[in-house]
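Novice: Sharing protein_16.csv, CSV, C-alpha atoms:
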```
chain,number,residue,atom,x,y,z
A,1,MET,CA,-67.6,-14.8,12.7
A,2,LEU,CA,-70.3,-15.6,10.2
A,3,VAL,CA,-72.9,-13.5,11.9
A,4,MET,CA,-70.6,-10.5,12.1
A,5,PHE,CA,-69.6,-10.9,8.4
A,6,LEU,CA,-73.2,-10.8,7.4
A,7,ALA,CA,-73.9,-7.9,9.7
A,8,ARG,CA,-71.2,-5.9,8.1
A,9,LEU,CA,-72.6,-6.1,4.6
A,10,PRO,CA,-75.2,-3.3,5.1
A,11,LEU,CA,-72.6,-1.1,6.8
A,12,THR,CA,-70.2,-1.5,3.9
A,13,ALA,CA,-72.9,-0.6,1.4
A,14,MET,CA,-74.1,2.6,3.2
A,15,SER,CA,-71.7,5.2,1.7
A,16,VAL,CA,-72.0,4.2,-2.0
A,17,THR,CA,-75.8,3.8,-1.7
A,18,LEU,CA,-76.2,7.2,-0.1
A,19,THR,CA,-74.0,8.8,-2.7
A,20,MET,CA,-75.9,7.3,-5.6
A,21,TYR,CA,-79.2,8.1,-4.1
A,22,VAL,CA,-78.4,11.8,-3.6
A,23,VAL,CA,-76.8,12.1,-7.1
A,24,THR,CA,-79.2,10.0,-9.1
A,25,GLY,CA,-82.4,9.9,-7.0
A,26,LEU,CA,-82.4,13.5,-5.8
A,27,GLY,CA,-80.6,14.9,-8.9
A,28,ARG,CA,-77.9,16.7,-6.8
A,29,GLY,CA,-74.1,16.8,-7.2
A,30,TYR,CA,-71.4,14.8,-5.6
A,31,ALA,CA,-70.6,17.7,-3.2
A,32,ALA,CA,-74.1,17.5,-1.8
A,33,ALA,CA,-73.7,13.8,-1.4
A,34,GLY,CA,-70.4,14.4,0.3
A,35,LEU,CA,-72.1,16.6,2.9
A,36,VAL,CA,-74.5,13.9,3.9
A,37,GLY,CA,-71.7,11.4,4.1
A,38,THR,CA,-69.6,13.8,6.2
A,39,ALA,CA,-72.5,14.3,8.6
A,40,ALA,CA,-72.9,10.5,9.0
A,41,THR,CA,-69.2,10.0,9.5
A,42,LEU,CA,-69.0,12.8,12.1
A,43,GLY,CA,-72.0,11.3,13.9
A,44,THR,CA,-70.3,7.8,14.0
A,45,ALA,CA,-67.0,9.3,15.3
A,46,LEU,CA,-68.9,11.2,18.0
A,47,GLY,CA,-71.2,8.4,18.9
A,48,ALA,CA,-69.0,5.3,18.9
A,49,PRO,CA,-67.5,5.8,22.4
A,50,LEU,CA,-70.9,6.6,23.8
A,51,VAL,CA,-72.4,3.5,22.3
A,52,GLY,CA,-69.5,1.4,23.6
A,53,ARG,CA,-70.0,2.9,27.0
A,54,MET,CA,-73.7,1.9,26.8
A,55,ILE,CA,-72.7,-1.7,26.0
A,56,ASP,CA,-70.3,-1.7,29.0
A,57,ARG,CA,-73.2,-0.7,31.2
A,58,TYR,CA,-76.3,-2.3,29.8
A,59,GLY,CA,-75.0,-5.2,27.7
A,60,LEU,CA,-75.4,-6.1,24.0
A,61,ARG,CA,-79.1,-6.6,23.6
A,62,PRO,CA,-80.6,-3.2,24.7
A,63,VAL,CA,-77.9,-1.3,22.7
A,64,VAL,CA,-78.4,-3.4,19.5
A,65,LEU,CA,-82.1,-3.0,19.8
A,66,LEU,CA,-81.9,0.8,20.1
A,67,CYS,CA,-79.3,1.3,17.4
A,68,GLY,CA,-80.9,-1.2,15.0
A,69,ALA,CA,-84.3,0.5,15.4
A,70,VAL,CA,-82.8,3.9,14.6
A,71,SER,CA,-80.8,2.7,11.6
A,72,THR,CA,-83.8,0.8,10.2
A,73,ALA,CA,-86.1,3.8,10.6
A,74,TYR,CA,-83.6,6.1,9.0
A,75,TRP,CA,-83.0,4.1,5.9
A,76,LEU,CA,-86.6,3.1,5.4
A,77,GLY,CA,-87.5,6.8,5.7
A,78,VAL,CA,-84.8,8.1,3.4
A,79,PRO,CA,-87.0,8.0,0.2
A,80,SER,CA,-89.5,10.3,2.0
A,81,LEU,CA,-87.0,12.8,3.2
A,82,PRO,CA,-86.1,16.1,1.4
A,83,TYR,CA,-82.4,16.9,1.1
A,84,PRO,CA,-82.2,19.3,4.1
A,85,ALA,CA,-83.8,16.7,6.4
A,86,LEU,CA,-81.5,14.0,5.0
A,87,ILE,CA,-78.5,16.0,6.2
A,88,ALA,CA,-80.1,17.0,9.5
A,89,LEU,CA,-80.9,13.3,10.4
A,90,ALA,CA,-77.6,11.9,9.1
A,91,LEU,CA,-75.7,13.0,12.2
A,92,PRO,CA,-77.9,11.4,14.8
A,93,ALA,CA,-78.4,8.3,12.7
A,94,GLY,CA,-74.6,8.0,12.4
A,95,MET,CA,-74.2,8.3,16.1
A,96,LEU,CA,-76.5,5.4,16.7
A,97,VAL,CA,-75.4,3.1,13.9
A,98,VAL,CA,-75.1,-0.6,14.9
A,99,PRO,CA,-71.5,-0.9,16.2
A,100,VAL,CA,-70.7,-4.2,14.4
A,101,SER,CA,-66.9,-3.7,14.2
A,102,SER,CA,-66.4,-2.9,17.9
A,103,LEU,CA,-68.9,-5.7,18.8
A,104,ALA,CA,-67.0,-8.2,16.7
A,105,ARG,CA,-63.7,-7.3,18.5
A,106,GLN,CA,-65.4,-7.5,22.0
A,107,VAL,CA,-67.0,-10.9,21.2
A,108,LEU,CA,-63.6,-12.3,19.9
A,109,THR,CA,-61.9,-11.0,23.1
A,110,ALA,CA,-64.6,-12.8,25.2
A,111,GLN,CA,-64.5,-16.1,23.3
A,112,VAL,CA,-60.9,-16.5,22.3
A,113,PRO,CA,-58.0,-17.2,24.7
A,114,ALA,CA,-55.4,-14.4,25.0
A,115,GLU,CA,-52.7,-16.4,23.2
A,116,GLN,CA,-54.8,-16.9,20.1
A,117,ARG,CA,-56.4,-13.4,19.8
A,118,ARG,CA,-53.9,-12.2,17.2
A,119,SER,CA,-55.0,-14.9,14.9
A,120,ALA,CA,-58.7,-14.2,15.7
A,121,TYR,CA,-58.3,-10.5,15.0
A,122,SER,CA,-56.5,-11.2,11.8
A,123,LEU,CA,-59.3,-13.4,10.7
A,124,ASP,CA,-61.7,-10.6,11.6
A,125,THR,CA,-59.9,-8.2,9.4
A,126,ILE,CA,-60.0,-10.7,6.5
A,127,SER,CA,-63.7,-10.8,7.1
A,128,VAL,CA,-63.8,-7.0,6.8
A,129,GLU,CA,-62.0,-7.1,3.5
A,130,SER,CA,-64.4,-9.7,2.2
A,131,SER,CA,-67.4,-7.7,3.2
A,132,PHE,CA,-66.0,-4.6,1.4
A,133,MET,CA,-65.6,-6.7,-1.7
A,134,ILE,CA,-69.3,-7.7,-1.7
A,135,GLY,CA,-71.2,-4.9,0.0
A,136,PRO,CA,-70.4,-1.9,-2.2
A,137,ALA,CA,-70.7,-4.0,-5.4
A,138,ALA,CA,-74.1,-5.2,-4.4
A,139,ALA,CA,-75.2,-1.7,-3.6
A,140,ILE,CA,-74.1,-0.4,-7.0
A,141,ALA,CA,-75.9,-3.4,-8.7
A,142,ALA,CA,-79.1,-2.6,-6.8
A,143,CYS,CA,-78.9,1.1,-7.6
A,144,THR,CA,-78.3,0.5,-11.3
A,145,GLN,CA,-80.4,-2.6,-12.0
A,146,LEU,CA,-83.3,-1.6,-9.7
A,147,SER,CA,-83.3,2.0,-8.4
A,148,PRO,CA,-81.5,4.1,-5.7
A,149,THR,CA,-84.8,4.1,-3.8
A,150,ALA,CA,-85.0,0.3,-3.9
A,151,ALA,CA,-81.3,0.2,-2.7
A,152,VAL,CA,-81.9,2.4,0.4
A,153,THR,CA,-85.1,0.5,1.2
A,154,GLY,CA,-83.1,-2.7,1.0
A,155,LEU,CA,-80.5,-1.3,3.4
A,156,GLY,CA,-83.3,-0.6,5.9
A,157,ILE,CA,-84.5,-4.2,5.6
A,158,GLY,CA,-80.9,-5.3,6.0
A,159,PHE,CA,-80.4,-3.3,9.2
A,160,ALA,CA,-83.7,-4.8,10.6
A,161,ALA,CA,-82.4,-8.3,9.8
A,162,LEU,CA,-79.0,-7.8,11.4
A,163,THR,CA,-80.7,-6.4,14.5
A,164,VAL,CA,-82.9,-9.4,14.9
A,165,ALA,CA,-79.9,-11.7,14.3
A,166,LEU,CA,-77.6,-10.0,16.8
A,167,TYR,CA,-80.4,-9.8,19.4
A,168,TRP,CA,-81.3,-13.5,19.0
A,169,PHE,CA,-77.7,-14.7,18.9
A,170,ASN,CA,-76.6,-12.4,21.8
A,171,PRO,CA,-72.9,-13.3,21.8
A,172,PRO,CA,-71.0,-12.6,25.0
A,173,VAL,CA,-69.0,-9.4,25.2
A,174,ARG,CA,-67.0,-10.4,28.3
A,175,ARG,CA,-65.5,-13.7,29.5
A,176,GLN,CA,-67.4,-15.3,32.3
A,177,ASP,CA,-64.3,-15.8,34.4
A,178,GLU,CA,-63.0,-12.3,33.7
A,179,PRO,CA,-62.8,-10.1,36.8
A,180,VAL,CA,-64.9,-7.0,36.2
A,181,PRO,CA,-65.2,-4.3,38.9
A,182,ALA,CA,-68.6,-2.8,39.6
A,183,GLU,CA,-67.3,0.7,39.5
A,184,ARG,CA,-66.2,2.2,36.2
A,185,PRO,CA,-62.6,3.4,36.4
A,186,PRO,CA,-62.1,7.1,35.7
A,187,LEU,CA,-61.1,8.0,32.1
A,188,GLY,CA,-57.8,9.4,33.1
A,189,GLU,CA,-56.8,6.1,34.6
A,190,TRP,CA,-57.2,3.9,31.5
A,191,LEU,CA,-56.9,6.3,28.6
A,192,THR,CA,-53.1,6.2,29.0
A,193,ARG,CA,-50.3,7.6,26.8
A,194,ASP,CA,-49.9,4.2,25.2
A,195,LEU,CA,-53.5,3.8,24.4
A,196,SER,CA,-53.8,7.4,23.0
A,197,ALA,CA,-50.7,6.8,20.9
A,198,THR,CA,-52.2,3.5,19.6
A,199,LEU,CA,-55.3,5.4,18.5
A,200,LEU,CA,-53.3,8.2,16.8
A,201,VAL,CA,-51.3,5.6,14.9
A,202,VAL,CA,-54.4,3.9,13.6
A,203,ALA,CA,-55.8,7.3,12.6
A,204,GLY,CA,-52.7,7.8,10.5
A,205,ALA,CA,-53.2,4.4,9.0
A,206,LEU,CA,-56.7,5.2,7.9
A,207,PHE,CA,-55.5,8.6,6.6
A,208,CYS,CA,-53.1,6.7,4.4
A,209,LEU,CA,-55.7,4.1,3.3
A,210,VAL,CA,-58.4,6.5,2.3
A,211,GLY,CA,-55.9,8.7,0.5
A,212,ALA,CA,-54.5,5.8,-1.4
A,213,GLU,CA,-58.0,4.8,-2.6
A,214,LEU,CA,-58.8,8.3,-3.8
A,215,ALA,CA,-55.4,8.5,-5.6
A,216,THR,CA,-56.1,5.1,-7.2
A,217,LEU,CA,-59.4,6.3,-8.6
A,218,ALA,CA,-57.8,9.6,-9.8
A,219,ALA,CA,-55.0,7.6,-11.5
A,220,LEU,CA,-57.5,5.3,-13.3
A,221,ARG,CA,-59.7,8.3,-14.3
A,222,SER,CA,-56.7,10.2,-15.8
A,223,SER,CA,-55.7,7.2,-17.8
A,224,GLY,CA,-59.2,6.5,-19.0
A,225,GLU,CA,-59.3,3.1,-17.3
A,226,VAL,CA,-61.8,3.9,-14.5
A,227,ALA,CA,-63.9,0.9,-15.6
A,228,TRP,CA,-61.3,-1.3,-14.0
A,229,ALA,CA,-61.6,0.4,-10.6
A,230,GLY,CA,-63.6,-2.5,-9.2
A,231,VAL,CA,-60.9,-5.1,-10.2
A,232,VAL,CA,-58.1,-2.9,-8.8
A,233,ILE,CA,-59.9,-2.5,-5.5
A,234,ALA,CA,-60.6,-6.2,-5.4
A,235,VAL,CA,-56.8,-6.9,-5.8
A,236,MET,CA,-56.2,-4.4,-3.0
A,237,CYS,CA,-58.6,-6.3,-0.7
A,238,LEU,CA,-57.1,-9.6,-1.6
A,239,ALA,CA,-53.6,-8.4,-0.8
A,240,SER,CA,-54.8,-7.1,2.5
A,241,ALA,CA,-56.5,-10.4,3.3
A,242,ALA,CA,-53.3,-12.3,2.4
A,243,GLY,CA,-51.4,-10.0,4.8
A,244,GLY,CA,-53.9,-10.7,7.5
A,245,MET,CA,-53.4,-14.5,7.1
A,246,VAL,CA,-49.6,-14.2,7.4
A,247,HIS,CA,-49.9,-11.9,10.4
A,248,GLY,CA,-52.2,-14.3,12.2
A,249,ALA,CA,-50.0,-17.3,11.4
A,250,VAL,CA,-46.5,-16.1,12.3
A,251,ARG,CA,-45.1,-16.5,15.8
A,252,ARG,CA,-43.4,-13.2,16.0
A,253,PRO,CA,-45.5,-10.6,14.2
A,254,LEU,CA,-44.4,-7.0,13.5
A,255,SER,CA,-45.6,-4.3,15.9
A,256,GLN,CA,-48.4,-1.9,15.1
A,257,THR,CA,-45.9,0.9,14.6
A,258,THR,CA,-43.7,-1.0,12.2
A,259,LEU,CA,-46.7,-2.2,10.2
A,260,MET,CA,-48.1,1.4,10.0
A,261,VAL,CA,-44.7,2.8,8.8
A,262,LEU,CA,-44.5,0.0,6.1
A,263,LEU,CA,-48.1,0.8,5.1
A,264,ALA,CA,-47.3,4.5,4.6
A,265,VAL,CA,-43.8,4.2,3.2
A,266,LEU,CA,-44.8,1.7,0.6
A,267,VAL,CA,-47.7,3.8,-0.8
A,268,ILE,CA,-45.5,6.9,-1.5
A,269,PRO,CA,-43.8,5.6,-4.6
A,270,VAL,CA,-46.9,3.9,-6.1
A,271,GLY,CA,-47.6,7.0,-8.2
A,272,LEU,CA,-44.4,6.5,-10.2
A,273,THR,CA,-46.2,3.7,-12.1
A,274,THR,CA,-49.9,4.1,-12.6
A,275,GLN,CA,-50.5,2.8,-16.2
A,276,PRO,CA,-51.8,0.4,-17.3
A,277,TRP,CA,-54.4,-0.6,-14.7
A,278,TRP,CA,-53.0,-4.0,-14.1
A,279,LEU,CA,-49.6,-2.6,-13.3
A,280,LEU,CA,-51.1,-0.1,-10.8
A,281,ALA,CA,-52.9,-3.0,-9.1
A,282,LEU,CA,-49.6,-4.9,-8.8
A,283,VAL,CA,-47.7,-2.0,-7.3
A,284,LEU,CA,-50.5,-1.5,-4.8
A,285,VAL,CA,-50.1,-5.0,-3.4
A,286,PRO,CA,-47.1,-4.4,-1.1
A,287,THR,CA,-48.8,-1.5,0.8
A,288,ASN,CA,-52.1,-3.3,1.1
A,289,PHE,CA,-50.4,-6.4,2.3
A,290,ALA,CA,-49.7,-4.4,5.5
A,291,CYS,CA,-53.3,-3.1,5.8
A,292,ALA,CA,-55.1,-5.9,7.6
A,293,PRO,CA,-52.1,-6.7,9.9
A,294,THR,CA,-52.0,-3.0,11.0
A,295,LEU,CA,-55.7,-3.1,11.9
A,296,ALA,CA,-55.4,-6.5,13.6
A,297,ALA,CA,-52.4,-5.4,15.7
A,298,THR,CA,-54.2,-2.2,16.7
A,299,ALA,CA,-57.2,-4.2,18.0
A,300,GLU,CA,-54.9,-6.5,19.9
A,301,GLN,CA,-53.1,-3.6,21.5
A,302,VAL,CA,-56.3,-1.8,22.5
A,303,THR,CA,-57.6,-5.0,24.1
A,304,ALA,CA,-54.4,-5.4,26.1
A,305,LEU,CA,-54.4,-1.8,27.3
A,306,ALA,CA,-58.1,-1.3,28.1
A,307,PRO,CA,-59.6,-2.7,31.3
A,308,ALA,CA,-62.5,-5.2,30.8
A,309,ARG,CA,-65.0,-2.8,32.5
A,310,VAL,CA,-64.5,-0.1,29.8
A,311,ARG,CA,-63.6,-2.3,26.8
A,312,GLY,CA,-66.7,-1.3,24.9
A,313,GLU,CA,-65.9,2.4,25.3
A,314,ALA,CA,-62.2,1.7,24.3
A,315,MET,CA,-63.3,-0.1,21.2
A,316,GLY,CA,-65.7,2.8,20.4
A,317,LEU,CA,-62.7,5.1,20.7
A,318,LEU,CA,-60.9,2.9,18.2
A,319,ASP,CA,-63.8,3.2,15.8
A,320,SER,CA,-63.7,7.0,16.3
A,321,ALA,CA,-60.0,7.1,15.6
A,322,THR,CA,-60.5,5.3,12.3
A,323,ARG,CA,-63.3,7.6,11.3
A,324,ILE,CA,-61.3,10.7,12.2
A,325,GLY,CA,-58.4,9.4,10.1
A,326,MET,CA,-60.7,8.9,7.1
A,327,ALA,CA,-62.4,12.3,7.6
A,328,VAL,CA,-59.1,14.1,7.8
A,329,GLY,CA,-57.4,12.2,5.0
A,330,SER,CA,-60.1,12.4,2.4
A,331,PRO,CA,-60.3,16.2,2.0
A,332,ILE,CA,-56.6,16.7,2.3
A,333,VAL,CA,-55.6,14.2,-0.3
A,334,GLY,CA,-58.6,15.2,-2.4
A,335,THR,CA,-57.3,18.8,-2.4
A,336,VAL,CA,-53.9,17.6,-3.6
A,337,LEU,CA,-55.6,15.6,-6.4
A,338,ASP,CA,-57.5,18.7,-7.5
A,339,HIS,CA,-54.3,20.6,-8.1
A,340,ALA,CA,-51.7,17.9,-9.0
A,341,PRO,CA,-51.4,14.6,-10.8
A,342,ALA,CA,-52.4,11.3,-9.1
A,343,ALA,CA,-48.8,10.5,-8.2
A,344,TRP,CA,-48.8,13.4,-5.7
A,345,GLY,CA,-51.9,12.0,-4.2
A,346,PHE,CA,-50.1,8.7,-3.3
A,347,ALA,CA,-47.3,10.8,-1.8
A,348,ALA,CA,-49.7,12.9,0.2
A,349,ALA,CA,-51.5,9.8,1.5
A,350,GLY,CA,-48.2,8.2,2.7
A,351,ALA,CA,-46.7,11.4,4.1
A,352,GLY,CA,-49.9,12.6,5.8
A,353,GLY,CA,-50.3,9.2,7.4
A,354,LEU,CA,-46.8,9.3,8.7
A,355,VAL,CA,-47.3,12.8,10.2
A,356,VAL,CA,-50.5,11.7,12.1
A,357,ALA,CA,-48.8,8.5,13.3
A,358,ALA,CA,-45.7,10.5,14.3
A,359,ALA,CA,-47.8,12.5,16.7
A,360,GLY,CA,-48.8,9.2,18.4
A,361,LEU,CA,-45.2,8.0,18.6
A,362,ALA,CA,-44.1,11.3,20.0
A,363,LEU,CA,-46.8,11.0,22.7
A,364,ARG,CA,-45.6,7.6,23.6
A,365,ARG,CA,-41.9,8.4,23.6
A,366,PHE,CA,-41.8,12.0,24.9
A,367,PRO,CA,-44.6,12.3,27.5
A,368,VAL,CA,-45.5,15.8,28.9
A,369,PRO,CA,-44.6,15.9,32.6
A,370,ARG,CA,-47.5,16.3,34.9
A,371,PRO,CA,-47.5,18.8,37.8
A,372,GLY,CA,-46.0,17.2,40.9
A,373,LEU,CA,-43.9,14.7,39.1
A,374,ALA,CA,-40.1,15.2,39.0
A,375,SER,CA,-39.5,13.8,35.5
A,376,PRO,CA,-41.2,12.0,32.6
A,377,ARG,CA,-39.6,8.8,34.0
A,378,ALA,CA,-42.0,9.0,37.0
A,379,LEU,CA,-44.9,8.5,34.6
A,380,ARG,CA,-43.8,5.0,33.7
```
Would you write the structure of this file as structure tokens?
Specialist:
Amino acid sequence: MLVMFLARLPLTAMSVTLTMYVVTGLGRGYAAAGLVGTAATLGTALGAPLVGRMIDRYGLRPVVLLCGAVSTAYWLGVPSLPYPALIALALPAGMLVVPVSSLARQVLTAQVPAEQRRSAYSLDTISVESSFMIGPAAAIAACTQLSPTAAVTGLGIGFAALTVALYWFNPPVRRQDEPVPAERPPLGEWLTRDLSATLLVVAGALFCLVGAELATLAALRSSGEVAWAGVVIAVMCLASAAGGMVHGAVRRPLSQTTLMVLLAVLVIPVGLTTQPWWLLALVLVPTNFACAPTLAATAEQVTALAPARVRGEAMGLLDSATRIGMAVGSPIVGTVLDHAPAAWGFAAAGAGGLVVAAAGLALRRFPVPRPGLASPRALR
């Protein structure tokens, strides 16, 4: 857990460091920085299942070595790259980023008994929230107190360090007593309706989360209190971590679907009260209380549905689903915020998340009959 927490810090600092480097270091606008970030996010969404499949086939060490070398080379080379090259290389660099999140879930699955995995996944989500409280803040401090160039160089060194740590530590990604067939099962056999629905629901959750963050920043900016953004985001992270503790401790937790609905429904009315900043932070607590439990329940469900032989690829698909949810939610809620007050941004975040999640629930509840089957009941 400690190794994975430290390994996540460079990953959580990537986005803000790249934005500040493009805007301040290269003297370009936020739209230009957004293009680089979009390319990197798209690369991660495309590459996560492939990297996970490589872990299933070759093990942890070769994949970590390859991804770590690519990430280190990219970030150390950023200060020497012109802007067009920065965009061009962001996609392949994103495809081969070190898959710390999916690795953490695989390692926990391998080392924790099945009856205790919910608590382990909850603890992992608390670790994620903690890293997001530290990583971006450290990146901003490095960019402002030193320079954006020093910050991106520091990220390169950080990726080199986490590569060495993961390669040396080499945690297991499968249980030794776990039956694993030599042949990889076909995609159609394990990517079931239930698993696909689970991925759509978590994509809706990330749509909601990224939209709520954008709406929060817009609300603080409109009230002239953007200086308190860091404190408000810290409160959101603490609320999520507290929710994760409760989810990991209770005997009968809520399902992924119920948690996702709570997450989305509770964010819709937040825009009714956005001033002052401390009141906004308080009204954001209930929806964020469901954040970590939703992500933990998703990891637990994917682990239960995916065979051990393809667990890495399944966890990669989980990473892709979260990236796609963020990539879709950010421009949609951003467009709403460009043309309406921040209150409508919160409503759009919640409603959009529900729409995406509803597609997953419809897939689970109303399957499409396959040729040769008499009725949907035969699919069960």
Novice: Any idea what's packed within 12 Å of Ala165 (chain A), counting all atoms listed in the file, ignoring anything in its chain fewer than 3 positions away? Could you give it as a PyMOL selection string?
Specialist: chain A and resi 2-7+61+64-65+68+100+158-162+168-171
Novice: Closest to Ala314 (chain A) among A:Ala205, A:Val51, A:Ala241, A:Val22, using all atoms listed in the file?
Specialist: A:Val51
Novice: Need to verify the contact set: Ile134 (chain A), 9 Å, only C-alpha atoms, exclusion of same-chain residues closer than 6 positions in sequence. Can you return it as a PyMOL selection string?
Specialist: chain A and resi 9+12-13
Novice: Quick one: pull the distance between CA of Met245 (chain A) and CA of Ser15 (chain A), Å, one decimal.
Specialist: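 It comes out at 27.4 Å.
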Novice: Using only C-alpha atoms, give me every residue within 10 Å of (-52.2, -2.9, 29.8) in file coordinates, as a list in words.
Specialist: Trp190, Thr192, Asp194, Leu195, Gln301, Val302, Thr303, Ala304, Leu305, Ala306 and Pro307 of chain A
Novice: Would you mind reading off the distance between CA of Pro148 (chain A) and CA of Thr24 (chain A), one decimal, in Å?
Specialist: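 The value is 7.2 Å.
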Novice: Counting all atoms listed in the file, note down every residue that has an atom within 12 Å of the point (-52.4, -11.9, 5.0) (file coordinates), as a ChimeraX atom specification.
Specialist: /A:119,121-127,129,236-250,253,285-296
